[in-house]
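A.B. asks: What follows is data.tsv, TSV, C-alpha atoms.
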chain	number	residue	atom	x	y	z
A	235	MET	CA	130.01	238.98	-43.61
A	236	THR	CA	129.72	241.61	-40.91
A	237	ASN	CA	128.72	244.13	-43.60
A	238	LYS	CA	125.86	241.86	-44.69
A	239	LEU	CA	124.70	241.42	-41.10
A	240	LEU	CA	124.79	245.18	-40.60
A	241	GLU	CA	122.71	245.65	-43.77
A	242	VAL	CA	120.09	243.25	-42.38
A	243	LEU	CA	120.05	245.23	-39.14
A	244	LYS	CA	119.78	248.57	-40.98
A	245	SER	CA	116.77	247.26	-42.92
A	246	LYS	CA	114.95	246.57	-39.63
A	247	PHE	CA	116.26	249.14	-37.14
A	248	GLU	CA	117.54	252.70	-37.07
A	249	LEU	CA	121.28	252.49	-36.32
A	250	CYS	CA	123.02	255.45	-34.69
A	251	PRO	CA	126.85	255.33	-34.51
A	252	ILE	CA	128.46	255.54	-31.08
A	253	ASP	CA	131.89	257.13	-30.88
A	254	ALA	CA	134.31	254.43	-29.73
A	255	GLY	CA	136.98	257.04	-29.03
A	256	GLU	CA	140.44	255.61	-28.38
A	257	MET	CA	138.98	252.11	-28.84
A	258	LYS	CA	138.37	252.63	-32.57
A	259	LYS	CA	141.78	251.20	-33.44
A	260	LEU	CA	143.71	248.80	-31.22
A	261	LYS	CA	146.67	246.46	-31.50
A	262	ALA	CA	146.95	243.21	-29.55
A	263	ASN	CA	148.85	239.95	-30.00
A	264	GLY	CA	150.08	240.81	-33.49
A	265	MET	CA	146.60	241.81	-34.67
A	266	SER	CA	145.21	245.22	-35.65
A	267	PHE	CA	141.58	245.84	-34.65
A	268	ASP	CA	139.05	248.28	-36.13
A	269	ILE	CA	136.03	248.68	-33.87
A	270	GLU	CA	132.61	250.31	-34.38
A	271	ALA	CA	129.60	250.59	-32.09
A	272	TYR	CA	125.95	251.48	-32.70
A	273	SER	CA	122.73	252.07	-30.86
A	274	ALA	CA	119.81	250.37	-32.61
A	275	LYS	CA	116.43	251.90	-31.77
A	276	GLY	CA	114.07	249.13	-30.68
A	277	LEU	CA	116.87	246.57	-30.35
A	278	GLY	CA	119.84	247.64	-28.22
A	279	HIS	CA	123.62	247.88	-28.52
A	280	ILE	CA	125.64	246.60	-31.50
A	281	SER	CA	129.39	246.40	-32.00
A	282	VAL	CA	131.55	245.28	-34.90
A	283	MET	CA	135.21	244.37	-34.64
A	284	ARG	CA	137.40	243.55	-37.64
A	285	ALA	CA	140.95	242.30	-37.15
A	286	LYS	CA	143.92	241.44	-39.38
A	287	GLY	CA	147.36	240.18	-38.52
A	288	PHE	CA	150.35	237.99	-39.20
A	289	PHE	CA	151.02	239.54	-42.63
A	290	GLY	CA	147.43	239.03	-43.73
A	291	LEU	CA	147.43	235.32	-42.94
A	292	MET	CA	144.76	235.74	-40.28
A	293	LYS	CA	141.48	237.66	-40.36
A	294	MET	CA	138.82	237.81	-37.69
A	295	ASP	CA	135.39	239.46	-37.77
A	296	THR	CA	133.07	239.89	-34.80
A	297	LEU	CA	129.55	241.24	-34.42
A	298	ILE	CA	127.86	241.47	-31.03
A	299	ILE	CA	124.27	242.38	-30.19
A	300	ASN	CA	123.21	243.17	-26.64
A	301	PRO	CA	119.42	243.34	-27.13
A	302	THR	CA	118.23	245.54	-24.27
A	303	GLU	CA	114.88	246.65	-25.72
A	304	ILE	CA	113.59	243.31	-27.03
A	305	ASP	CA	113.67	239.92	-25.33
A	306	LEU	CA	116.26	238.20	-27.53
A	307	PRO	CA	119.36	236.33	-26.33
A	308	LEU	CA	122.69	238.14	-26.41
A	309	TYR	CA	124.24	237.39	-29.83
A	310	SER	CA	127.93	236.98	-30.67
A	311	TYR	CA	129.24	236.18	-34.18
A	312	ASP	CA	132.91	235.34	-34.76
A	313	ARG	CA	134.50	234.38	-38.06
A	314	ILE	CA	138.16	233.45	-38.26
A	315	PHE	CA	140.14	232.85	-41.46
A	316	ALA	CA	143.60	231.40	-40.86
A	317	MET	CA	145.94	228.98	-42.62
A	318	GLY	CA	143.33	228.03	-45.23
A	319	ASN	CA	140.72	227.28	-42.58
A	320	ASP	CA	137.37	228.96	-42.00
A	321	THR	CA	135.91	228.93	-38.50
A	322	LEU	CA	132.35	230.05	-37.74
A	323	ILE	CA	131.22	230.62	-34.16
A	324	VAL	CA	127.79	232.01	-33.29
A	325	GLU	CA	127.03	232.02	-29.59
A	326	LEU	CA	123.70	232.91	-28.01
A	327	TYR	CA	123.55	233.66	-24.29
A	328	ASP	CA	120.52	233.52	-22.04
A	329	THR	CA	119.76	237.12	-21.14
A	330	LEU	CA	116.05	236.33	-21.51
A	331	VAL	CA	113.22	237.50	-19.28
A	332	CYS	CA	110.28	235.57	-20.78
A	333	GLU	CA	109.70	232.21	-22.47
A	334	TYR	CA	111.58	231.93	-25.75
A	335	SER	CA	111.52	229.53	-28.70
A	336	PRO	CA	114.68	228.93	-30.75
A	337	ASP	CA	112.87	226.54	-33.13
A	338	GLU	CA	113.50	228.54	-36.31
A	339	MET	CA	117.22	228.79	-35.61
A	340	GLU	CA	117.37	225.07	-34.85
A	341	GLN	CA	115.66	224.34	-38.17
A	342	VAL	CA	118.25	226.43	-40.01
A	343	LYS	CA	121.08	224.61	-38.20
A	344	SER	CA	119.64	221.24	-39.23
A	345	GLN	CA	119.84	222.22	-42.90
A	346	TYR	CA	123.64	222.50	-42.55
A	347	SER	CA	124.26	219.51	-40.31
A	348	ASP	CA	126.66	218.05	-42.89
A	349	LEU	CA	129.19	220.81	-42.15
A	350	ALA	CA	131.83	219.62	-39.72
A	351	GLU	CA	131.29	220.55	-36.08
A	352	ARG	CA	133.99	222.34	-34.12
A	353	ASP	CA	134.57	221.35	-30.50
A	354	PRO	CA	134.03	224.59	-28.55
A	355	GLY	CA	135.61	223.16	-25.39
A	356	GLU	CA	134.34	223.78	-21.87
A	357	HIS	CA	133.85	227.28	-20.45
A	358	TRP	CA	132.42	228.94	-17.35
A	359	TYR	CA	129.50	230.34	-19.38
A	360	ASP	CA	128.28	227.00	-20.77
A	361	ASP	CA	125.26	226.98	-18.47
A	362	ILE	CA	123.88	230.16	-20.10
A	363	LYS	CA	124.88	229.35	-23.70
A	364	LEU	CA	121.86	228.27	-25.72
A	365	ALA	CA	121.70	225.11	-27.84
A	366	ALA	CA	120.87	227.13	-30.98
A	367	SER	CA	124.49	228.36	-31.01
A	368	ILE	CA	126.77	227.32	-33.89
A	369	SER	CA	130.36	226.06	-33.92
A	370	LYS	CA	131.78	224.96	-37.30
A	371	LYS	CA	135.22	224.61	-38.85
A	372	GLY	CA	136.11	223.83	-42.45
A	373	LYS	CA	138.17	224.82	-45.47
A	374	LYS	CA	137.72	228.01	-47.46
A	375	SER	CA	135.90	225.98	-50.10
A	376	GLU	CA	133.01	225.80	-47.63
A	377	SER	CA	132.93	229.53	-46.91
A	378	ASP	CA	129.91	230.20	-49.14
A	379	ARG	CA	127.84	227.70	-47.18
A	380	PHE	CA	129.12	229.14	-43.90
A	381	ASP	CA	127.88	232.51	-45.17
A	382	GLU	CA	124.47	231.05	-46.03
A	383	LEU	CA	124.16	229.42	-42.62
A	384	THR	CA	125.17	232.63	-40.86
A	385	LEU	CA	122.69	234.82	-42.74
A	386	LYS	CA	119.71	232.45	-42.44
A	387	HIS	CA	120.42	231.80	-38.75
A	388	PHE	CA	120.77	235.56	-38.13
A	389	GLU	CA	117.47	236.36	-39.81
A	390	ALA	CA	115.79	233.58	-37.80
A	391	TYR	CA	117.32	235.04	-34.63
A	392	LEU	CA	115.95	238.53	-35.32
A	393	ALA	CA	112.51	237.12	-36.18
A	394	SER	CA	112.30	234.79	-33.16
A	395	THR	CA	110.46	237.28	-30.93
A	396	ASP	CA	108.95	240.76	-30.88
A	397	GLU	CA	108.48	240.72	-27.11
A	398	LYS	CA	109.50	244.05	-25.62
A	399	ALA	CA	111.67	243.93	-22.52
A	400	ASP	CA	112.60	246.04	-19.52
A	401	VAL	CA	115.94	247.65	-20.34
A	402	LYS	CA	117.22	247.57	-16.75
A	403	THR	CA	116.51	243.84	-16.36
A	404	LYS	CA	118.09	243.00	-19.71
A	405	GLN	CA	121.21	245.03	-18.88
A	406	GLU	CA	121.58	243.23	-15.56
A	407	LYS	CA	121.46	239.87	-17.32
A	408	ALA	CA	123.94	240.98	-19.97
A	409	SER	CA	126.22	242.36	-17.26
A	410	TYR	CA	126.35	238.94	-15.61
A	411	TYR	CA	127.93	237.56	-18.79
A	412	VAL	CA	130.24	240.52	-19.44
A	413	GLU	CA	131.50	240.71	-15.86
A	414	GLY	CA	132.02	236.95	-15.97
A	415	LEU	CA	134.22	237.36	-19.04
A	416	LEU	CA	136.26	240.04	-17.31
A	417	LYS	CA	136.61	237.95	-14.17
A	418	ASN	CA	137.07	234.45	-15.61
A	419	GLY	CA	138.66	235.30	-18.93
A	420	GLY	CA	138.30	233.77	-22.35
A	421	PRO	CA	140.31	233.57	-25.59
A	422	SER	CA	139.76	237.17	-26.73
A	423	THR	CA	139.41	238.57	-23.20
A	424	ASP	CA	142.84	237.27	-22.23
A	425	VAL	CA	144.44	238.72	-25.38
A	426	PHE	CA	143.07	242.18	-24.64
A	427	LYS	CA	143.96	242.02	-20.95
A	428	LYS	CA	147.56	241.21	-21.81
A	429	ALA	CA	147.83	243.99	-24.41
A	430	LEU	CA	145.67	246.72	-22.86
A	431	GLY	CA	145.64	245.97	-19.15
A	432	GLU	CA	142.66	245.36	-16.85
A	433	GLU	CA	141.21	248.89	-16.79
A	434	LYS	CA	141.23	249.52	-20.53
A	435	THR	CA	139.84	246.03	-21.26
A	436	GLN	CA	136.98	246.70	-18.84
A	437	LYS	CA	136.21	249.94	-20.66
A	438	LEU	CA	136.34	248.20	-24.05
A	439	PHE	CA	133.96	245.44	-22.99
A	440	ARG	CA	131.50	247.48	-20.92
A	441	LYS	CA	131.27	250.66	-22.99
A	442	VAL	CA	132.06	249.64	-26.57
A	443	LEU	CA	131.62	245.94	-27.29
A	444	PHE	CA	128.59	245.14	-25.11
A	445	GLY	CA	127.25	248.52	-24.04
A	446	THR	CA	126.43	247.45	-20.50
A	447	GLU	CA	127.88	250.72	-19.16
A	448	LEU	CA	127.33	253.59	-21.57
A	449	ASN	CA	127.60	256.58	-19.24
Show me, as structure tokens, the structure contained in the file I just sent.
C.D. replies:
Amino acid sequence: MTNKLLEVLKSKFELCPIDAGEMKKLKANGMSFDIEAYSAKGLGHISVMRAKGFFGLMKMDTLIINPTEIDLPLYSYDRIFAMGNDTLIVELYDTLVCEYSPDEMEQVKSQYSDLAERDPGEHWYDDIKLAASISKKGKKSESDRFDELTLKHFEAYLASTDEKADVKTKQEKASYYVEGLLKNGGPSTDVFKKALGEEKTQKLFRKVLFGTELN
């Protein structure tokens, strides 16, 4: 699915690869990670992370957009295939400067309301997570509909505003979330901290995954 999302992005923005250096390939908690990063002219920073582990029994794909040049929320897509289950998590975080309407994304979500909801639990970032986020869990037989939901929701996300934004302000708002992850932890953050250590995890998050510190 990450390839399809990248194709959508490439049809709308000019994507320039960013060298992830030593972060291109990582191992953590029995999983092997392949990581890419891009600069999208007119949008911001994009990263893609694909992971496999446990003898192929688990696969995880991630795509993150830190939109620094346009006033969109920070976007995070996670897809996890494990033990015959398919989990879809799309989280949108309030890094907004101006008024914003998520109506189109909400309409897309309503079309797939029959798909079982996944309890996301409680987290420190809940106060900046937007209601248009998605959390679903089902069997692989529902994967095609998960794909449809993802693609339609993604296109609605990209079309939800063309309001340009001040890069510095947007980066500050994104940094609040990223630094919060590094300080407070989270499922993937904790895995990387344990495997890579604090310093390398900070570099991964700031420079490669979210692009809040590119220099």
A.B. asks: Measuring between only C-alpha atoms, which one of A:Glu303, A:Glu356, A:Glu433, A:Asp381 shows the shortest distance to Thr403 in chain A?
C.D. replies: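 Selected residue with least distance to Thr403 in chain A: A:Glu303.
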A.B. asks: Within 8 Å of Tyr391 in chain A, counting only C-alpha atoms, which residues qualify if same-chain residues fewer than 6 places away don't, as a count of residues only?
C.D. replies: 4
A.B. asks: Let me make sure I understand: among A:Leu392, A:Leu448, A:Leu438, A:Leu416, which one has the smallest atom-to-atom distance to Met257 in chain A if we use only C-alpha atoms?
C.D. replies: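 Among A:Leu392, A:Leu448, A:Leu438, A:Leu416, it is A:Leu438 that comes nearest to Met257 in chain A.
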A.B. asks: Give me the residues within 7 Å of Glu325 in chain A as a list in words, counting all atoms listed in the file and dropping any in the same chain fewer than 3 places off.
C.D. replies: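 Counting only the stated atoms, we get Tyr309, Ser310, Tyr311, Lys363, Ser367 and Ile368 of chain A.
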A.B. asks: Considering all atoms listed in the file, can you say which of A:Pro307, A:Gly414, A:Gly445, A:Gly372 comes closest to Ser394 in chain A?
C.D. replies: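 The shortest atom-to-atom distance to Ser394 in chain A comes from A:Pro307.
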A.B. asks: With a distance cut-off of 8 Å and all atoms listed in the file, select the neighbouring residues of range 350-354 of chain A, excluding the residue or stretch itself and same-chain residues fewer than 6 positions from it, and output the selection as a list in words.
C.D. replies: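 So, after excluding close chain neighbours, the residues are Ser369, Lys370, Lys371 and Gly372 of chain A.
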A.B. asks: At what distance in Å, to one decimal, does CA of Tyr410 in chain A lie from CA of Asp361 in chain A?
C.D. replies: 12.3 Å
A.B. asks: Within 10 Å of range 296-300 of chain A, counting all atoms listed in the file, which residues show up once you throw out same-chain ones fewer than 6 positions away? Write them as a VMD selection string, please.
C.D. replies: chain A and resid 235 to 237 239 to 240 269 to 274 277 to 285 306 to 314 323 to 327 329 404 to 405 408 to 409 443 to 446
A.B. asks: What is the distance between CA of Ala366 in chain A and CA of Asp305 in chain A, in Å to one decimal?
C.D. replies: 15.7 Å
A.B. asks: Set the distance at 8 Å and use only C-alpha atoms: which residues neighbour Phe288 in chain A once local chain neighbours fewer than 4 positions away are removed? I'd like the list as a PyMOL selection string.
C.D. replies: chain A and resi 264-265+292
A.B. asks: From the options A:Glu432, A:Gly355, A:Phe426, A:Pro251, which residue's atoms come nearest to Ser266 in chain A, counting all atoms listed in the file?
C.D. replies: A:Phe426
A.B. asks: Using Å and a single decimal, report how far CA of Leu385 in chain A sits from CA of Gly419 in chain A.
C.D. replies: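 Distance reported for this atom pair: 28.7 Å.
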A.B. asks: From the list A:Ser375, A:Thr423, A:Lys275, A:Asn418, which residue is nearest Lys246 in chain A when using all atoms listed in the file?
C.D. replies: A:Lys275
A.B. asks: Just add all heavy atoms to range 296-307 of chain A and send it as a PDB file, in the coordinates of the input.
C.D. replies:
ATOM      1  N   THR A 296     133.968 240.093 -35.938  1.00  0.00           N
ATOM      2  CA  THR A 296     133.070 239.890 -34.800  1.00  0.00           C
ATOM      3  C   THR A 296     131.902 240.855 -34.892  1.00  0.00           C
ATOM      4  O   THR A 296     132.079 242.017 -35.257  1.00  0.00           O
ATOM      5  CB  THR A 296     133.810 240.120 -33.463  1.00  0.00           C
ATOM      6  OG1 THR A 296     134.880 239.186 -33.349  1.00  0.00           O
ATOM      7  CG2 THR A 296     132.883 239.958 -32.272  1.00  0.00           C
ATOM      8  N   LEU A 297     130.707 240.375 -34.573  1.00  0.00           N
ATOM      9  CA  LEU A 297     129.550 241.240 -34.420  1.00  0.00           C
ATOM     10  C   LEU A 297     128.802 240.804 -33.170  1.00  0.00           C
ATOM     11  O   LEU A 297     128.521 239.615 -32.995  1.00  0.00           O
ATOM     12  CB  LEU A 297     128.629 241.189 -35.640  1.00  0.00           C
ATOM     13  CG  LEU A 297     127.429 242.146 -35.604  1.00  0.00           C
ATOM     14  CD1 LEU A 297     127.176 242.776 -36.986  1.00  0.00           C
ATOM     15  CD2 LEU A 297     126.157 241.454 -35.115  1.00  0.00           C
ATOM     16  N   ILE A 298     128.519 241.760 -32.305  1.00  0.00           N
ATOM     17  CA  ILE A 298     127.860 241.470 -31.030  1.00  0.00           C
ATOM     18  C   ILE A 298     126.585 242.295 -30.931  1.00  0.00           C
ATOM     19  O   ILE A 298     126.576 243.484 -31.266  1.00  0.00           O
ATOM     20  CB  ILE A 298     128.781 241.813 -29.838  1.00  0.00           C
ATOM     21  CG1 ILE A 298     130.031 240.927 -29.861  1.00  0.00           C
ATOM     22  CG2 ILE A 298     128.044 241.657 -28.504  1.00  0.00           C
ATOM     23  CD1 ILE A 298     131.127 241.403 -28.910  1.00  0.00           C
ATOM     24  N   ILE A 299     125.513 241.671 -30.474  1.00  0.00           N
ATOM     25  CA  ILE A 299     124.270 242.380 -30.190  1.00  0.00           C
ATOM     26  C   ILE A 299     123.890 242.145 -28.736  1.00  0.00           C
ATOM     27  O   ILE A 299     123.731 241.000 -28.307  1.00  0.00           O
ATOM     28  CB  ILE A 299     123.110 241.911 -31.097  1.00  0.00           C
ATOM     29  CG1 ILE A 299     123.440 242.115 -32.576  1.00  0.00           C
ATOM     30  CG2 ILE A 299     121.815 242.653 -30.734  1.00  0.00           C
ATOM     31  CD1 ILE A 299     122.397 241.540 -33.517  1.00  0.00           C
ATOM     32  N   ASN A 300     123.769 243.222 -27.995  1.00  0.00           N
ATOM     33  CA  ASN A 300     123.210 243.170 -26.640  1.00  0.00           C
ATOM     34  C   ASN A 300     121.797 243.738 -26.741  1.00  0.00           C
ATOM     35  O   ASN A 300     121.609 244.954 -26.716  1.00  0.00           O
ATOM     36  CB  ASN A 300     124.064 243.980 -25.665  1.00  0.00           C
ATOM     37  CG  ASN A 300     123.453 244.031 -24.274  1.00  0.00           C
ATOM     38  OD1 ASN A 300     122.542 243.267 -23.948  1.00  0.00           O
ATOM     39  ND2 ASN A 300     123.927 244.941 -23.456  1.00  0.00           N
ATOM     40  N   PRO A 301     120.782 242.863 -26.888  1.00  0.00           N
ATOM     41  CA  PRO A 301     119.420 243.340 -27.130  1.00  0.00           C
ATOM     42  C   PRO A 301     118.732 243.764 -25.820  1.00  0.00           C
ATOM     43  O   PRO A 301     118.189 242.927 -25.093  1.00  0.00           O
ATOM     44  CB  PRO A 301     118.731 242.118 -27.737  1.00  0.00           C
ATOM     45  CG  PRO A 301     119.456 240.953 -27.144  1.00  0.00           C
ATOM     46  CD  PRO A 301     120.862 241.405 -26.846  1.00  0.00           C
ATOM     47  N   THR A 302     118.769 245.048 -25.537  1.00  0.00           N
ATOM     48  CA  THR A 302     118.230 245.540 -24.270  1.00  0.00           C
ATOM     49  C   THR A 302     116.756 245.935 -24.357  1.00  0.00           C
ATOM     50  O   THR A 302     116.087 246.042 -23.334  1.00  0.00           O
ATOM     51  CB  THR A 302     119.026 246.766 -23.801  1.00  0.00           C
ATOM     52  OG1 THR A 302     119.056 247.744 -24.845  1.00  0.00           O
ATOM     53  CG2 THR A 302     120.454 246.370 -23.444  1.00  0.00           C
ATOM     54  N   GLU A 303     116.251 246.169 -25.570  1.00  0.00           N
ATOM     55  CA  GLU A 303     114.880 246.650 -25.720  1.00  0.00           C
ATOM     56  C   GLU A 303     113.905 245.570 -26.177  1.00  0.00           C
ATOM     57  O   GLU A 303     112.692 245.784 -26.189  1.00  0.00           O
ATOM     58  CB  GLU A 303     114.847 247.819 -26.703  1.00  0.00           C
ATOM     59  CG  GLU A 303     115.641 249.030 -26.222  1.00  0.00           C
ATOM     60  CD  GLU A 303     115.572 250.181 -27.195  1.00  0.00           C
ATOM     61  OE1 GLU A 303     114.467 250.470 -27.711  1.00  0.00           O
ATOM     62  OE2 GLU A 303     116.623 250.799 -27.461  1.00  0.00           O
ATOM     63  N   ILE A 304     114.428 244.424 -26.572  1.00  0.00           N
ATOM     64  CA  ILE A 304     113.590 243.310 -27.030  1.00  0.00           C
ATOM     65  C   ILE A 304     114.142 242.037 -26.390  1.00  0.00           C
ATOM     66  O   ILE A 304     115.343 241.933 -26.137  1.00  0.00           O
ATOM     67  CB  ILE A 304     113.586 243.232 -28.575  1.00  0.00           C
ATOM     68  CG1 ILE A 304     112.527 242.265 -29.071  1.00  0.00           C
ATOM     69  CG2 ILE A 304     114.957 242.906 -29.125  1.00  0.00           C
ATOM     70  CD1 ILE A 304     112.302 242.346 -30.575  1.00  0.00           C
ATOM     71  N   ASP A 305     113.256 241.084 -26.120  1.00  0.00           N
ATOM     72  CA  ASP A 305     113.670 239.920 -25.330  1.00  0.00           C
ATOM     73  C   ASP A 305     114.302 238.825 -26.196  1.00  0.00           C
ATOM     74  O   ASP A 305     113.777 237.707 -26.308  1.00  0.00           O
ATOM     75  CB  ASP A 305     112.498 239.366 -24.529  1.00  0.00           C
ATOM     76  CG  ASP A 305     112.958 238.525 -23.347  1.00  0.00           C
ATOM     77  OD1 ASP A 305     114.116 238.702 -22.915  1.00  0.00           O
ATOM     78  OD2 ASP A 305     112.168 237.697 -22.863  1.00  0.00           O
ATOM     79  N   LEU A 306     115.435 239.152 -26.783  1.00  0.00           N
ATOM     80  CA  LEU A 306     116.260 238.200 -27.530  1.00  0.00           C
ATOM     81  C   LEU A 306     117.466 237.813 -26.691  1.00  0.00           C
ATOM     82  O   LEU A 306     117.863 238.546 -25.785  1.00  0.00           O
ATOM     83  CB  LEU A 306     116.752 238.830 -28.835  1.00  0.00           C
ATOM     84  CG  LEU A 306     115.732 239.035 -29.953  1.00  0.00           C
ATOM     85  CD1 LEU A 306     116.313 239.918 -31.043  1.00  0.00           C
ATOM     86  CD2 LEU A 306     115.290 237.697 -30.534  1.00  0.00           C
ATOM     87  N   PRO A 307     118.098 236.668 -26.998  1.00  0.00           N
ATOM     88  CA  PRO A 307     119.360 236.330 -26.330  1.00  0.00           C
ATOM     89  C   PRO A 307     120.472 237.272 -26.786  1.00  0.00           C
ATOM     90  O   PRO A 307     120.402 237.845 -27.874  1.00  0.00           O
ATOM     91  CB  PRO A 307     119.658 234.894 -26.810  1.00  0.00           C
ATOM     92  CG  PRO A 307     118.422 234.420 -27.489  1.00  0.00           C
ATOM     93  CD  PRO A 307     117.675 235.623 -27.949  1.00  0.00           C
TER      94      PRO A 307
END
